[in-house]
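A short worksheet on the structure shown next.
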Amino acid sequence: MNTEQLSQEQTVRARKNYAVLMQRLASIGNAPVALAVGCDEATISRMKPEKFEQLCQILAVLDLKVVPSTMKCFDERDIETILHQAKRWMDHVQGIDQLEFD
């Protein structure tokens, strides 16, 4: 992976992107991907090393990452805020009787 112009963080992200892409491609296979995009299976095989690495580098430079579609994305600041509020509430609770609802 030629990463001369990428920052250290971008290089790490590009490698992670590439790993996820290759794992998923290995699990599905080249044939279904080739069929879906309308090319020969050999074309997908030739793209693997260089073109897919290049794509993953582009994604890293754009500050994007490859994740499975089943994953959900949340803003880190939102989660930090929710956790902070939950911790503050739990610090406030002294006993189980405070949790009763009338």
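Going by the structure tokens order, chains are called A, B, ..., each with residues numbered from 1, while ligands are numbered from 1 in the order shown.
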
Closest contacts (range 58-84 of chain A/range 7-18 of chain A, max 12 Å, only C-alpha atoms) as a Markdown table:
```
| residue | atom | partner | partner_atom | distance |
| --- | --- | --- | --- | --- |
| A:Ile58 | CA | A:Ala14 | CA | 8.0 |
| A:Leu59 | CA | A:Ala14 | CA | 7.2 |
| A:Ala60 | CA | A:Gln10 | CA | 5.2 |
| A:Val61 | CA | A:Gln10 | CA | 6.1 |
| A:Leu62 | CA | A:Gln10 | CA | 9.1 |
| A:Asp63 | CA | A:Gln10 | CA | 7.8 |
| A:Leu64 | CA | A:Arg13 | CA | 8.4 |
| A:Lys65 | CA | A:Asn17 | CA | 5.9 |
| A:Val66 | CA | A:Asn17 | CA | 5.2 |
| A:Val67 | CA | A:Asn17 | CA | 8.0 |
| A:Pro68 | CA | A:Asn17 | CA | 10.9 |
```

Would you save the residues of that selection, restricted to N, CA and C atoms, as an mmCIF file, in the first residue's frame?
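In the end it all went to again_11.cif:
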```cif
data_model
loop_
_atom_site.group_PDB
_atom_site.id
_atom_site.type_symbol
_atom_site.label_atom_id
_atom_site.label_comp_id
_atom_site.auth_asym_id
_atom_site.auth_seq_id
_atom_site.Cartn_x
_atom_site.Cartn_y
_atom_site.Cartn_z
ATOM 1 N N ILE A 58 -8.443 6.637 -0.656
ATOM 2 C CA ILE A 58 -9.320 7.778 -0.952
ATOM 3 C C ILE A 58 -10.353 7.943 0.164
ATOM 4 N N LEU A 59 -10.959 6.846 0.577
ATOM 5 C CA LEU A 59 -11.937 6.907 1.665
ATOM 6 C C LEU A 59 -11.303 7.460 2.932
ATOM 7 N N ALA A 60 -10.076 7.038 3.231
ATOM 8 C CA ALA A 60 -9.383 7.511 4.436
ATOM 9 C C ALA A 60 -9.103 9.016 4.353
ATOM 10 N N VAL A 61 -8.681 9.487 3.193
ATOM 11 C CA VAL A 61 -8.419 10.914 3.012
ATOM 12 C C VAL A 61 -9.706 11.721 3.175
ATOM 13 N N LEU A 62 -10.820 11.146 2.742
ATOM 14 C CA LEU A 62 -12.121 11.802 2.871
ATOM 15 C C LEU A 62 -12.710 11.637 4.271
ATOM 16 N N ASP A 63 -11.942 10.999 5.159
ATOM 17 C CA ASP A 63 -12.354 10.757 6.542
ATOM 18 C C ASP A 63 -13.598 9.881 6.605
ATOM 19 N N LEU A 64 -13.621 8.865 5.740
ATOM 20 C CA LEU A 64 -14.702 7.891 5.707
ATOM 21 C C LEU A 64 -14.137 6.526 6.045
ATOM 22 N N LYS A 65 -15.019 5.624 6.483
ATOM 23 C CA LYS A 65 -14.563 4.271 6.763
ATOM 24 C C LYS A 65 -15.580 3.259 6.279
ATOM 25 N N VAL A 66 -15.084 2.047 6.042
ATOM 26 C CA VAL A 66 -15.917 0.952 5.569
ATOM 27 C C VAL A 66 -16.420 0.183 6.779
ATOM 28 N N VAL A 67 -17.740 0.051 6.873
ATOM 29 C CA VAL A 67 -18.341 -0.726 7.954
ATOM 30 C C VAL A 67 -19.482 -1.562 7.385
ATOM 31 N N PRO A 68 -19.794 -2.680 8.017
ATOM 32 C CA PRO A 68 -20.933 -3.471 7.555
ATOM 33 C C PRO A 68 -22.235 -2.663 7.646
#
```

message: Could you go through chain A and tell me which residues DSSP, when run on the backbone, assigns to alpha helix (DSSP H), listing them as a PyMOL selection string?
response: chain A and resi 8-28+30-37+41-47+50-61+76-92

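Note that the spacing between CA of Glu41 in chain A and CA of Gly29 in chain A amounts to 9.3 Å.
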
- request: Identify which of the residues A:Cys73, A:Met90, A:Ile44, A:Ile96 lies closest to Met22 in chain A, counting only C-alpha atoms when measuring atom-to-atom distances.
  value: A:Ile44

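Checking A:Asn30, A:Thr70, A:Thr43, A:Gln57 one by one against Glu4 in chain A, counting only C-alpha atoms, you find the shortest gap at A:Gln57.
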
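The nearest approach to Phe52 in chain A among the residues A:Ala31, A:Leu83, A:Leu25, A:Leu6, with only C-alpha atoms taken into account, belongs to A:Leu25.
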